[in-house]
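J.: So I've got this file, protein.csv, and it contains CSV, C-alpha atoms:
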```csv
chain,number,residue,atom,x,y,z
A,155,MET,CA,85.1,-130.2,-177.7
A,156,LYS,CA,85.2,-133.0,-175.2
A,157,ALA,CA,81.4,-132.7,-174.6
A,158,LEU,CA,80.8,-132.8,-178.3
A,159,LYS,CA,82.9,-136.0,-178.7
A,160,GLY,CA,81.0,-137.6,-175.8
A,161,PHE,CA,77.7,-136.8,-177.5
A,162,PHE,CA,78.7,-138.3,-180.8
A,163,TRP,CA,80.1,-141.4,-179.0
A,164,PHE,CA,76.7,-141.8,-177.3
A,165,LEU,CA,75.0,-141.5,-180.7
A,166,PHE,CA,77.3,-144.1,-182.2
A,167,LYS,CA,76.7,-146.6,-179.3
A,168,CYS,CA,72.9,-146.2,-179.8
A,169,PHE,CA,73.3,-146.8,-183.5
A,170,ALA,CA,75.7,-149.8,-182.9
A,171,VAL,CA,72.9,-151.5,-180.9
A,172,TYR,CA,70.5,-150.8,-183.8
A,173,SER,CA,73.1,-152.2,-186.3
A,174,VAL,CA,73.5,-155.5,-184.3
A,175,LEU,CA,69.7,-155.8,-184.1
A,176,VAL,CA,69.3,-155.4,-187.9
A,177,TYR,CA,72.1,-157.9,-188.6
A,178,ALA,CA,70.7,-160.4,-186.2
A,179,LEU,CA,67.2,-160.2,-187.6
A,180,THR,CA,68.4,-160.5,-191.2
A,181,PHE,CA,70.6,-163.5,-190.4
A,182,TRP,CA,68.2,-165.5,-188.3
A,183,VAL,CA,64.8,-164.3,-189.6
A,184,PRO,CA,63.2,-165.2,-186.2
A,185,THR,CA,59.8,-163.5,-186.8
A,186,SER,CA,57.4,-162.7,-189.6
A,187,HIS,CA,56.1,-159.5,-187.9
A,188,TRP,CA,56.0,-156.4,-190.2
A,189,LEU,CA,58.1,-154.3,-187.8
A,190,PRO,CA,61.3,-156.3,-188.4
A,191,GLY,CA,60.6,-156.0,-192.1
A,192,PHE,CA,61.3,-152.3,-191.9
A,193,LEU,CA,64.4,-152.9,-189.8
A,194,MET,CA,65.8,-155.5,-192.2
A,195,MET,CA,65.1,-153.4,-195.2
A,196,SER,CA,67.3,-150.7,-193.7
A,197,PHE,CA,70.4,-152.9,-193.8
A,198,PRO,CA,72.2,-151.1,-196.7
A,199,VAL,CA,71.6,-147.7,-195.0
A,200,THR,CA,72.8,-149.1,-191.7
A,201,VAL,CA,76.1,-150.2,-193.3
A,202,LEU,CA,76.6,-146.8,-195.0
A,203,VAL,CA,76.0,-145.0,-191.6
A,204,ASP,CA,78.6,-147.3,-190.0
A,205,ILE,CA,81.1,-146.4,-192.7
A,206,GLY,CA,80.3,-142.7,-192.1
A,207,PHE,CA,81.1,-143.2,-188.4
A,208,LEU,CA,84.3,-145.0,-189.3
A,209,PHE,CA,85.6,-142.0,-191.2
A,210,PHE,CA,84.4,-139.6,-188.5
A,211,TRP,CA,86.3,-141.4,-185.7
A,212,LEU,CA,89.4,-141.9,-187.8
A,213,LEU,CA,89.5,-138.1,-188.0
A,214,VAL,CA,88.5,-137.4,-184.4
A,215,ASP,CA,89.7,-140.3,-182.3
A,216,SER,CA,91.3,-143.2,-184.2
A,217,LYS,CA,91.0,-145.6,-181.3
A,218,LYS,CA,87.3,-145.4,-181.3
A,219,ALA,CA,87.3,-146.1,-185.1
A,220,LEU,CA,87.8,-149.8,-184.2
A,221,ALA,CA,84.1,-150.1,-183.1
A,222,PRO,CA,82.5,-149.1,-186.4
A,223,LEU,CA,85.2,-151.1,-188.2
A,224,PHE,CA,84.0,-154.2,-186.3
A,225,LEU,CA,80.4,-153.5,-187.3
A,226,ILE,CA,81.4,-153.1,-190.9
A,227,PHE,CA,83.3,-156.4,-190.7
A,228,LEU,CA,80.3,-158.0,-189.1
A,229,SER,CA,78.1,-156.9,-192.1
A,230,GLY,CA,80.4,-158.9,-194.3
A,231,ILE,CA,78.3,-161.9,-193.4
A,232,PHE,CA,75.8,-160.7,-196.0
A,233,LEU,CA,78.3,-160.0,-198.8
A,234,ASP,CA,77.1,-163.0,-200.8
A,235,ARG,CA,73.6,-161.5,-200.9
A,236,THR,CA,74.9,-158.1,-201.9
A,237,TYR,CA,77.8,-158.5,-204.4
A,238,GLN,CA,79.3,-161.3,-206.4
A,239,PHE,CA,82.8,-161.3,-208.1
A,240,LYS,CA,83.2,-162.6,-211.6
A,241,LYS,CA,83.5,-166.4,-211.7
A,242,GLU,CA,85.2,-168.8,-214.1
A,243,PRO,CA,82.7,-170.1,-216.7
A,244,VAL,CA,81.6,-173.8,-216.4
A,245,ASP,CA,82.9,-176.1,-219.1
A,246,LEU,CA,79.8,-177.7,-220.6
A,247,SER,CA,81.5,-179.7,-223.4
A,248,THR,CA,81.7,-182.8,-221.2
A,249,SER,CA,78.2,-182.5,-219.7
A,250,LYS,CA,76.1,-185.6,-220.0
A,251,LYS,CA,73.1,-184.1,-218.4
A,252,LYS,CA,70.6,-181.8,-220.1
A,253,VAL,CA,71.4,-178.1,-219.7
A,254,PHE,CA,68.4,-175.8,-219.6
A,255,LYS,CA,67.7,-172.1,-219.1
A,256,VAL,CA,65.1,-170.2,-217.1
A,257,LEU,CA,64.3,-166.6,-217.9
A,258,ASN,CA,62.2,-164.5,-215.4
A,259,TYR,CA,61.2,-161.1,-216.5
A,260,ASN,CA,58.5,-158.8,-215.2
A,261,VAL,CA,57.4,-157.4,-218.6
A,262,PHE,CA,55.2,-154.6,-217.3
A,263,GLY,CA,52.4,-155.7,-219.7
A,264,PHE,CA,54.7,-155.1,-222.6
A,265,TRP,CA,53.9,-151.4,-222.1
A,266,ILE,CA,57.2,-149.7,-223.1
A,267,LYS,CA,55.8,-146.2,-222.3
A,268,PRO,CA,53.5,-145.3,-219.4
A,269,ASP,CA,50.8,-143.8,-221.7
A,270,HIS,CA,50.5,-147.2,-223.6
A,271,SER,CA,50.4,-145.4,-226.9
A,272,ARG,CA,50.5,-147.0,-230.3
A,273,GLU,CA,53.9,-145.7,-231.0
A,274,ASP,CA,55.2,-148.3,-228.5
A,275,ASP,CA,54.6,-151.1,-230.9
A,276,LYS,CA,58.0,-151.2,-232.5
A,277,GLU,CA,59.7,-151.2,-229.1
A,278,THR,CA,57.3,-153.8,-227.8
A,279,ASN,CA,58.1,-156.1,-230.7
A,280,LYS,CA,61.8,-155.6,-230.1
A,281,MET,CA,61.2,-156.6,-226.5
A,282,LYS,CA,59.4,-159.8,-227.5
A,283,LYS,CA,62.1,-160.7,-230.0
A,284,TRP,CA,64.8,-160.1,-227.4
A,285,ILE,CA,63.1,-162.6,-225.1
A,286,ILE,CA,63.0,-165.2,-227.9
A,287,ASP,CA,66.7,-164.6,-228.7
A,288,GLN,CA,67.7,-165.7,-225.2
A,289,ASP,CA,66.7,-169.2,-226.1
A,290,ALA,CA,65.5,-170.0,-222.6
A,291,ASP,CA,63.6,-173.3,-222.1
A,292,VAL,CA,61.2,-171.8,-219.5
A,293,LEU,CA,59.8,-168.3,-219.4
A,294,CYS,CA,58.4,-166.8,-216.2
A,295,MET,CA,56.7,-163.4,-216.9
A,296,PRO,CA,54.8,-161.4,-214.2
A,297,GLU,CA,52.5,-158.7,-215.6
A,298,PHE,CA,52.1,-160.6,-218.8
A,299,ASN,CA,49.6,-159.1,-221.3
A,300,ASN,CA,48.2,-160.7,-224.4
A,301,GLU,CA,45.9,-157.9,-225.6
A,302,ASP,CA,46.2,-157.4,-229.3
A,303,TYR,CA,45.9,-153.6,-229.3
A,304,ILE,CA,49.4,-153.1,-228.0
A,305,SER,CA,51.3,-154.9,-230.6
A,306,ASP,CA,51.4,-156.0,-234.2
A,307,PHE,CA,51.3,-159.6,-233.1
A,308,ARG,CA,49.6,-161.3,-230.0
A,309,THR,CA,52.1,-162.5,-227.5
A,310,VAL,CA,50.8,-166.0,-226.9
A,311,GLU,CA,50.7,-166.9,-230.6
A,312,PHE,CA,54.1,-165.4,-231.2
A,313,LEU,CA,55.6,-167.5,-228.3
A,314,ASN,CA,53.8,-170.6,-229.5
A,315,LYS,CA,55.3,-170.2,-233.0
A,316,SER,CA,58.7,-169.6,-231.5
A,317,GLY,CA,58.9,-173.0,-229.8
A,318,TYR,CA,57.0,-172.4,-226.5
A,319,LYS,CA,54.2,-174.8,-227.2
A,320,TYR,CA,53.2,-175.2,-223.6
A,321,SER,CA,51.9,-172.5,-221.2
A,322,ASN,CA,50.0,-171.7,-218.1
A,323,MET,CA,48.4,-168.6,-216.8
A,324,LEU,CA,47.6,-167.5,-213.3
A,325,ASP,CA,44.1,-166.7,-214.5
A,326,ASN,CA,43.3,-169.5,-216.9
A,327,LYS,CA,39.6,-168.6,-217.1
A,328,ARG,CA,40.3,-165.4,-218.9
A,329,MET,CA,42.4,-167.3,-221.4
A,330,LYS,CA,39.3,-168.9,-222.8
A,331,ASP,CA,38.5,-165.7,-224.9
A,332,GLY,CA,42.2,-165.5,-226.0
A,333,THR,CA,43.1,-162.5,-223.8
A,334,THR,CA,44.8,-161.9,-220.5
A,335,PHE,CA,45.5,-158.7,-218.7
A,336,LYS,CA,48.6,-158.3,-216.6
A,337,THR,CA,48.8,-161.7,-215.1
A,338,LEU,CA,51.6,-164.2,-214.2
A,339,ALA,CA,52.4,-166.4,-217.2
A,340,MET,CA,54.8,-169.3,-217.7
A,341,PHE,CA,55.8,-170.8,-221.0
A,342,SER,CA,57.8,-173.9,-221.7
A,343,LYS,CA,59.4,-175.7,-224.6
A,344,TYR,CA,58.9,-178.9,-222.6
A,345,PRO,CA,55.5,-180.6,-221.9
A,346,ILE,CA,53.8,-179.4,-218.8
A,347,ILE,CA,52.5,-182.5,-217.0
A,348,ASN,CA,51.0,-180.7,-213.9
A,349,HIS,CA,50.3,-177.2,-212.7
A,350,LYS,CA,48.8,-175.3,-209.8
A,351,GLU,CA,47.8,-171.7,-209.3
A,352,ASN,CA,47.2,-169.4,-206.3
A,353,PRO,CA,46.0,-165.9,-207.4
A,354,THR,CA,46.3,-163.2,-204.7
A,355,GLU,CA,45.9,-159.5,-205.3
A,356,GLN,CA,45.0,-158.2,-208.8
A,357,GLN,CA,47.8,-159.5,-211.1
A,358,ASN,CA,49.9,-160.9,-208.3
A,359,GLY,CA,50.0,-164.6,-207.3
A,360,LEU,CA,51.9,-167.9,-207.4
A,361,MET,CA,51.9,-170.9,-209.6
A,362,TYR,CA,54.0,-173.9,-210.5
A,363,ILE,CA,54.4,-176.0,-213.5
A,364,ASP,CA,55.9,-179.5,-213.5
A,365,ILE,CA,57.7,-180.1,-216.8
A,366,ALA,CA,59.2,-183.2,-218.4
A,367,VAL,CA,62.8,-182.5,-219.3
A,368,GLY,CA,63.9,-185.7,-221.0
A,369,LYS,CA,63.9,-188.4,-218.4
A,370,ASP,CA,63.8,-185.9,-215.6
A,371,THR,CA,61.0,-183.8,-214.2
A,372,LEU,CA,61.4,-180.2,-213.0
A,373,ARG,CA,59.1,-178.0,-210.9
A,374,VAL,CA,59.4,-174.4,-211.8
A,375,MET,CA,57.6,-172.1,-209.5
A,376,GLY,CA,56.7,-168.6,-210.7
A,377,VAL,CA,56.0,-165.9,-208.2
A,378,HIS,CA,54.8,-162.3,-208.3
A,379,LEU,CA,54.5,-161.5,-204.6
A,380,TYR,CA,52.4,-158.6,-203.3
A,381,SER,CA,53.4,-155.3,-205.0
A,382,MET,CA,54.0,-152.3,-202.8
A,383,SER,CA,53.1,-149.9,-205.7
A,384,LEU,CA,55.2,-147.2,-204.0
A,385,ARG,CA,55.1,-143.8,-205.6
A,386,LEU,CA,58.6,-142.8,-204.6
A,387,SER,CA,58.9,-140.3,-207.5
A,388,LYS,CA,55.8,-138.5,-206.3
A,389,LEU,CA,57.3,-138.4,-202.7
A,390,VAL,CA,60.6,-137.0,-204.0
A,391,SER,CA,58.8,-134.4,-206.1
A,392,GLN,CA,56.9,-132.9,-203.1
A,393,LYS,CA,57.9,-129.3,-202.2
A,394,GLU,CA,55.5,-128.6,-199.4
A,395,MET,CA,55.9,-130.2,-196.0
A,396,SER,CA,52.3,-131.2,-195.9
A,397,GLY,CA,52.7,-133.1,-199.2
A,398,ILE,CA,55.9,-134.8,-197.9
A,399,LYS,CA,54.1,-135.9,-194.7
A,400,LYS,CA,51.1,-137.2,-196.6
A,401,GLU,CA,53.2,-139.2,-199.1
A,402,THR,CA,55.4,-140.6,-196.4
A,403,ARG,CA,52.5,-141.8,-194.4
A,404,GLY,CA,51.0,-143.4,-197.5
A,405,THR,CA,54.3,-145.0,-198.4
A,406,LEU,CA,54.9,-146.5,-194.9
A,407,SER,CA,51.3,-147.8,-194.8
A,408,GLN,CA,51.7,-149.5,-198.1
A,409,MET,CA,55.0,-151.0,-197.1
A,410,LYS,CA,53.5,-152.4,-193.9
A,411,LYS,CA,50.6,-153.9,-195.8
A,412,GLY,CA,53.1,-155.5,-198.3
A,413,PHE,CA,55.2,-157.1,-195.5
A,414,ILE,CA,52.1,-158.7,-194.0
A,415,ALA,CA,50.8,-160.0,-197.4
A,416,ARG,CA,54.1,-161.4,-198.6
A,417,VAL,CA,54.5,-163.4,-195.3
A,418,SER,CA,51.4,-165.4,-196.1
A,419,GLU,CA,52.4,-165.9,-199.7
A,420,THR,CA,55.8,-167.1,-198.6
A,421,LYS,CA,54.1,-169.8,-196.5
A,422,ILE,CA,52.5,-171.2,-199.7
A,423,VAL,CA,55.8,-171.1,-201.5
A,424,GLU,CA,57.4,-173.1,-198.6
A,425,LYS,CA,54.7,-175.6,-198.7
A,426,TRP,CA,55.0,-176.2,-202.5
A,427,ILE,CA,58.8,-176.5,-202.2
A,428,LYS,CA,58.6,-179.1,-199.4
A,429,GLU,CA,55.8,-181.1,-201.1
A,430,SER,CA,57.7,-181.3,-204.4
A,431,PRO,CA,59.0,-184.7,-205.4
A,432,TYR,CA,61.1,-183.1,-208.1
A,433,ALA,CA,63.9,-180.6,-208.4
A,434,VAL,CA,62.7,-177.1,-207.8
A,435,ILE,CA,63.4,-173.6,-209.2
A,436,VAL,CA,61.5,-170.6,-207.7
A,437,CYS,CA,61.7,-167.5,-209.9
A,438,GLY,CA,60.0,-164.2,-210.5
A,439,ASP,CA,59.3,-160.9,-208.9
A,440,PHE,CA,59.6,-161.2,-205.1
A,441,ASN,CA,59.1,-157.5,-204.3
A,442,GLU,CA,61.5,-157.9,-201.4
A,443,THR,CA,65.2,-157.1,-201.1
A,444,PRO,CA,67.9,-159.7,-200.1
A,445,TYR,CA,67.6,-158.5,-196.5
A,446,SER,CA,64.0,-159.6,-195.8
A,447,TYR,CA,61.8,-162.3,-194.3
A,448,VAL,CA,60.9,-163.6,-197.7
A,449,TYR,CA,64.4,-163.9,-199.0
A,450,GLY,CA,65.7,-165.3,-195.7
A,451,LYS,CA,63.0,-168.1,-195.7
A,452,CYS,CA,63.6,-169.0,-199.3
A,453,ARG,CA,67.4,-169.0,-198.7
A,454,LYS,CA,67.0,-171.5,-195.9
A,455,LEU,CA,65.3,-174.0,-198.2
A,456,LEU,CA,67.1,-173.3,-201.5
A,457,ASN,CA,70.2,-171.8,-203.0
A,458,ASN,CA,70.0,-168.4,-204.7
A,459,ALA,CA,71.4,-168.5,-208.3
A,460,PHE,CA,72.8,-164.9,-208.1
A,461,GLU,CA,74.8,-165.8,-205.0
A,462,THR,CA,76.1,-169.0,-206.7
A,463,ARG,CA,76.8,-167.8,-210.3
A,464,GLY,CA,75.9,-164.1,-210.5
A,465,GLU,CA,78.1,-161.1,-210.9
A,466,GLY,CA,78.2,-157.5,-209.5
A,467,PHE,CA,75.3,-156.2,-207.5
A,468,GLY,CA,72.6,-157.7,-209.7
A,469,PHE,CA,70.2,-154.8,-209.3
A,470,SER,CA,67.0,-155.7,-211.0
A,471,PHE,CA,64.7,-152.7,-210.8
A,472,ASN,CA,64.7,-150.0,-213.4
A,473,HIS,CA,62.8,-147.3,-211.5
A,474,LEU,CA,63.2,-145.5,-208.1
A,475,PRO,CA,64.9,-146.6,-205.9
A,476,TYR,CA,66.9,-148.3,-208.7
A,477,PHE,CA,69.6,-149.9,-206.5
A,478,ILE,CA,67.7,-152.9,-205.3
A,479,ARG,CA,67.5,-156.6,-206.3
A,480,ILE,CA,63.9,-157.9,-206.1
A,481,ASP,CA,63.9,-160.4,-208.9
A,482,ASN,CA,65.4,-163.8,-208.1
A,483,GLN,CA,65.9,-167.5,-208.9
A,484,PHE,CA,66.2,-170.0,-206.1
A,485,TYR,CA,67.1,-173.6,-206.9
A,486,ASN,CA,67.5,-177.0,-205.1
A,487,ASP,CA,71.2,-177.5,-205.1
A,488,LYS,CA,70.9,-181.2,-204.1
A,489,LYS,CA,69.3,-182.0,-207.4
A,490,LEU,CA,70.4,-179.1,-209.6
A,491,GLU,CA,73.7,-177.3,-210.4
A,492,ALA,CA,73.6,-173.6,-211.3
A,493,LEU,CA,76.0,-173.0,-214.2
A,494,ASP,CA,75.4,-169.3,-214.9
A,495,PHE,CA,73.2,-166.4,-213.8
A,496,LYS,CA,72.8,-163.0,-215.6
A,497,THR,CA,70.9,-159.9,-214.8
A,498,PHE,CA,70.6,-157.9,-218.0
A,499,ASN,CA,70.7,-154.3,-216.7
A,500,LYS,CA,71.1,-152.8,-220.1
A,501,ILE,CA,67.7,-154.2,-221.3
A,502,LYS,CA,65.4,-151.3,-220.3
A,503,TYR,CA,62.2,-152.1,-222.0
A,504,SER,CA,60.4,-152.7,-218.6
A,505,ASP,CA,60.6,-151.3,-215.1
A,506,HIS,CA,62.4,-154.6,-214.2
A,507,TYR,CA,65.5,-156.1,-215.7
A,508,PRO,CA,65.4,-159.7,-217.0
A,509,CYS,CA,67.3,-162.5,-215.2
A,510,LEU,CA,68.5,-165.7,-216.9
A,511,GLY,CA,69.7,-168.8,-215.1
A,512,THR,CA,71.4,-171.8,-216.6
A,513,TYR,CA,71.2,-175.2,-214.9
A,514,ARG,CA,71.7,-178.9,-215.3
A,515,PHE,CA,70.5,-181.9,-213.3
A,516,LYS,CA,73.1,-183.5,-211.0
A,517,MET,CA,71.9,-187.1,-211.2
```
What is this structure when it is put down as C-alpha cells?
T.:
Amino acid sequence: MKALKGFFWFLFKCFAVYSVLVYALTFWVPTSHWLPGFLMMSFPVTVLVDIGFLFFWLLVDSKKALAPLFLIFLSGIFLDRTYQFKKEPVDLSTSKKKVFKVLNYNVFGFWIKPDHSREDDKETNKMKKWIIDQDADVLCMPEFNNEDYISDFRTVEFLNKSGYKYSNMLDNKRMKDGTTFKTLAMFSKYPIINHKENPTEQQNGLMYIDIAVGKDTLRVMGVHLYSMSLRLSKLVSQKEMSGIKKETRGTLSQMKKGFIARVSETKIVEKWIKESPYAVIVCGDFNETPYSYVYGKCRKLLNNAFETRGEGFGFSFNHLPYFIRIDNQFYNDKKLEALDFKTFNKIKYSDHYPCLGTYRFKM
C-alpha cells in the first residue's frame, strides 16, 4: 500500500509541474509556437485532473490533498475567461450617448441541414428573420451565403430591405454577379466610410469596416480565423484501432496547422487594432478557446465582452466538442462601455450560437 501511495504521489508531482506550465503559458502567452498551443488548449482537462487528484488524496492521505487544492486555487486566475455570474443590468434611461448592438453569428451558409436540401428553406427563413428581430446595428457573419437556391429570398436583398443598407464582403469581386459563397460578410445600418479586407484560406479571413455612428466613428473588425475542420464525430465513431490511430494523427496534424495559421492572422488583427484612430470592436469566429495564443494576445489589447457583461460559460459551438467558446467580441474599454453580452445557446440553426453585444461610447 505504501509503495502504491508513493507511485501515485510521484504521478501527481509530475502532473503538478505540467499544470503550472500550462497555467504559466496561458497567463503570459510568451511564445507563438504551435506546441504551447496544444498545452494551453488542455487547460480545462488539466483542472479536471487536479480536481480528481484532490478527491483521491482526501480519501487516501488528507494532508497531501493541500497540493492539488493549491493548483485548483491557482487556476482561479482564469475564472473570468471561463464563467461569469449574472450581473445587474445597466440603466440606459439616462444615457446621453448612442447605444448600439453588434451581432456576430457564424451562419454556416444558412444551411440548416448538412445535405442542403430544399426542405431547409422554411428553417432558413426563420433563421434570417431571427437575425433581423435582434435589431443589431452591425452584423458580422462568417460563412455567409447569398445563393438563391437555398431560400425563398436572397439574403443580401432581404437584409437591405430590413434596414442594413450598407455591407461589405471578404470577396467583393464575387459580389459583382450578385452571389457569394461562404464568405465573411458584414452589414451595417450606419454608413460605411472605409473598409479593408484580408482573405486567407477558402472562406476564412479578416476585414474591418469604419462606420459613422452619429458624430462618432467606430471600427468593427470581423474575423473568421483559420478553421481546423476537425472531424471529431468520425474519430469518436471509430471501432478499429487502426482507424482511431489514423483519425488521431489527422486531427493532431490539422490542429498544428491551425495553430500556425492563426498566429499569422492574429498579427494582422493586432496591427489593425493599433493603427485604428477610432474605437474598436473585434468580433467573429476565432476558432480558438479562451486558453490560447490568439485569445491571450487580443485580451492584452482589448477587453472581452463576455468577461465584462456575459453570463454562464458562454459556450458558442453547437457540435462536438460542444463545451467550448470560440466566438467572441473584444472591445476598446477606453472608448467604449460594454452594457450587455448574450450567447444565444437555444438558437440552434447553425453549428455556432449567435453572440450579441450592446455598447455605448464613453466620450
J.: Kindly provide the residues of range 415-445 of chain A that approach range 176-199 of chain A to within 10 Å, each paired with its closest atom pair and their distance in Å to one decimal, based on all atoms listed in the file, listed by chain and increasing number, as JSON lines.
T.:
```
{"residue": "A:Ala415", "atom": "CA", "partner": "A:Trp188", "partner_atom": "CA", "distance": 9.6}
{"residue": "A:Arg416", "atom": "CA", "partner": "A:Ser186", "partner_atom": "CA", "distance": 9.7}
{"residue": "A:Val417", "atom": "CA", "partner": "A:Ser186", "partner_atom": "CA", "distance": 6.4}
{"residue": "A:Ser418", "atom": "CA", "partner": "A:Ser186", "partner_atom": "CA", "distance": 9.2}
{"residue": "A:Glu442", "atom": "CA", "partner": "A:Met195", "partner_atom": "CA", "distance": 8.5}
{"residue": "A:Thr443", "atom": "CA", "partner": "A:Met195", "partner_atom": "CA", "distance": 7.0}
{"residue": "A:Pro444", "atom": "CA", "partner": "A:Met195", "partner_atom": "CA", "distance": 8.5}
{"residue": "A:Tyr445", "atom": "CA", "partner": "A:Met194", "partner_atom": "CA", "distance": 5.5}
```
J.: Enter the distance from CA of Lys421 in chain A to CA of Tyr447 in chain A, in Å, rounded to one decimal.
T.: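 Value for the CA of Lys421 in chain A-CA of Tyr447 in chain A distance: 11.0 Å.
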J.: Contacts of Leu379 in chain A at 10 Å or less, counting only C-alpha atoms, minus same-chain residues fewer than 3 places along, as a list in words?
T.: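 So, after excluding close chain neighbours, the residues are Pro296, Pro353, Thr354, Glu355, Gln357, Asn358, Gly359, Leu360, Gly376, Met382, Gly412, Ala415, Arg416, Val417, Ser418, Glu419, Thr420, Gly438, Asp439, Phe440, Asn441, Glu442 and Val448 of chain A.
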J.: Save out the residues we just selected, C-alpha atoms, as a JSON list (two decimals), in the frame of the given file.
T.:
```json
[["chain", "number", "residue", "atom", "x", "y", "z"],
["A", 296, "PRO", "CA", 54.80, -161.40, -214.20],
["A", 353, "PRO", "CA", 46.00, -165.90, -207.40],
["A", 354, "THR", "CA", 46.30, -163.20, -204.70],
["A", 355, "GLU", "CA", 45.90, -159.50, -205.30],
["A", 357, "GLN", "CA", 47.80, -159.50, -211.10],
["A", 358, "ASN", "CA", 49.90, -160.90, -208.30],
["A", 359, "GLY", "CA", 50.00, -164.60, -207.30],
["A", 360, "LEU", "CA", 51.90, -167.90, -207.40],
["A", 376, "GLY", "CA", 56.70, -168.60, -210.70],
["A", 382, "MET", "CA", 54.00, -152.30, -202.80],
["A", 412, "GLY", "CA", 53.10, -155.50, -198.30],
["A", 415, "ALA", "CA", 50.80, -160.00, -197.40],
["A", 416, "ARG", "CA", 54.10, -161.40, -198.60],
["A", 417, "VAL", "CA", 54.50, -163.40, -195.30],
["A", 418, "SER", "CA", 51.40, -165.40, -196.10],
["A", 419, "GLU", "CA", 52.40, -165.90, -199.70],
["A", 420, "THR", "CA", 55.80, -167.10, -198.60],
["A", 438, "GLY", "CA", 60.00, -164.20, -210.50],
["A", 439, "ASP", "CA", 59.30, -160.90, -208.90],
["A", 440, "PHE", "CA", 59.60, -161.20, -205.10],
["A", 441, "ASN", "CA", 59.10, -157.50, -204.30],
["A", 442, "GLU", "CA", 61.50, -157.90, -201.40],
["A", 448, "VAL", "CA", 60.90, -163.60, -197.70]]
```
J.: Calculated over all atoms listed in the file, which of the candidates A:Thr309, A:Asn314, A:Asn300, A:Thr405 has the smallest distance to Lys282 in chain A?
T.: A:Thr309
J.: One decimal, in Å: what's the spacing between CA of Val374 in chain A and CA of Phe477 in chain A?
T.: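 Calculated distance between CA of Val374 in chain A and CA of Phe477 in chain A is 27.1 Å.
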J.: Tell me which of A:Phe239, A:Tyr513, A:Phe209, A:Phe298 sits closest to Phe467 in chain A, counting all atoms listed in the file.
T.: A:Phe239
J.: Hey, can you check how far CA of Leu293 in chain A sits from CA of Met340 in chain A?
T.: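 Value for the CA of Leu293 in chain A-CA of Met340 in chain A distance: 5.4 Å.
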J.: Using all atoms listed in the file - which residues lie no farther than 12 Å from the point (71.6, -152.1, -222.0) in the file's frame? Write them as number ranges by chain.
T.: A: 284, 472, 497-504, 507-508
J.: Identify, on the basis of all atoms listed in the file, every residue whose closest approach to range 461-464 of chain A does not exceed 10 Å; exclude the query and any residue fewer than 4 positions from it along the same chain; express the result as a PDB file with C-alpha atoms, in the coordinates of the input.
T.:
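Below is the file part19.pdb, written as the result:
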```pdb
ATOM      1  CA  LEU A 233      78.300-160.000-198.800  1.00  0.00           C
ATOM      2  CA  ASP A 234      77.100-163.000-200.800  1.00  0.00           C
ATOM      3  CA  ARG A 235      73.600-161.500-200.900  1.00  0.00           C
ATOM      4  CA  THR A 236      74.900-158.100-201.900  1.00  0.00           C
ATOM      5  CA  TYR A 237      77.800-158.500-204.400  1.00  0.00           C
ATOM      6  CA  GLN A 238      79.300-161.300-206.400  1.00  0.00           C
ATOM      7  CA  PHE A 239      82.800-161.300-208.100  1.00  0.00           C
ATOM      8  CA  LYS A 240      83.200-162.600-211.600  1.00  0.00           C
ATOM      9  CA  LYS A 241      83.500-166.400-211.700  1.00  0.00           C
ATOM     10  CA  GLU A 242      85.200-168.800-214.100  1.00  0.00           C
ATOM     11  CA  PRO A 243      82.700-170.100-216.700  1.00  0.00           C
ATOM     12  CA  VAL A 244      81.600-173.800-216.400  1.00  0.00           C
ATOM     13  CA  ASN A 457      70.200-171.800-203.000  1.00  0.00           C
ATOM     14  CA  GLY A 468      72.600-157.700-209.700  1.00  0.00           C
ATOM     15  CA  GLN A 483      65.900-167.500-208.900  1.00  0.00           C
ATOM     16  CA  PHE A 484      66.200-170.000-206.100  1.00  0.00           C
ATOM     17  CA  ASP A 487      71.200-177.500-205.100  1.00  0.00           C
ATOM     18  CA  GLU A 491      73.700-177.300-210.400  1.00  0.00           C
ATOM     19  CA  ALA A 492      73.600-173.600-211.300  1.00  0.00           C
ATOM     20  CA  LEU A 493      76.000-173.000-214.200  1.00  0.00           C
ATOM     21  CA  ASP A 494      75.400-169.300-214.900  1.00  0.00           C
ATOM     22  CA  PHE A 495      73.200-166.400-213.800  1.00  0.00           C
ATOM     23  CA  LYS A 496      72.800-163.000-215.600  1.00  0.00           C
ATOM     24  CA  THR A 497      70.900-159.900-214.800  1.00  0.00           C
ATOM     25  CA  CYS A 509      67.300-162.500-215.200  1.00  0.00           C
ATOM     26  CA  LEU A 510      68.500-165.700-216.900  1.00  0.00           C
ATOM     27  CA  GLY A 511      69.700-168.800-215.100  1.00  0.00           C
ATOM     28  CA  THR A 512      71.400-171.800-216.600  1.00  0.00           C
TER      29      THR A 512
END
```
J.: Residues near Met375 in chain A, anyone? I mean within 8 Å using all atoms listed in the file, not counting same-chain ones fewer than 2 positions away, as a ChimeraX atom specification.
T.: /A:360-363,373,377,434-437
J.: Counting all atoms listed in the file, which residue out of A:Gly317, A:Arg308, A:Pro431, A:Ser381 sits closest to Lys410 in chain A?
T.: A:Ser381
J.: Would you pick out the contacts of Leu490 in chain A at 7 Å or less, using only C-alpha atoms, so that residues sharing its chain but fewer than 5 positions from it are not included, and give the list as JSON, numbers by chain?
T.: {"A": [433, 485, 513, 514, 515, 516]}
J.: Which residue out of A:Glu311, A:Phe162, A:Ile231, A:Asp505 has the minimum interatomic distance to Val214 in chain A when only C-alpha atoms are used?
T.: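 Checking each of A:Glu311, A:Phe162, A:Ile231, A:Asp505 against Val214 in chain A, counting only C-alpha atoms, the winner is A:Phe162.
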J.: Taking into account only C-alpha atoms, which residue in the set A:Val256, A:Val174, A:Ala339, A:Leu212 is nearest to Phe227 in chain A?
T.: A:Val174
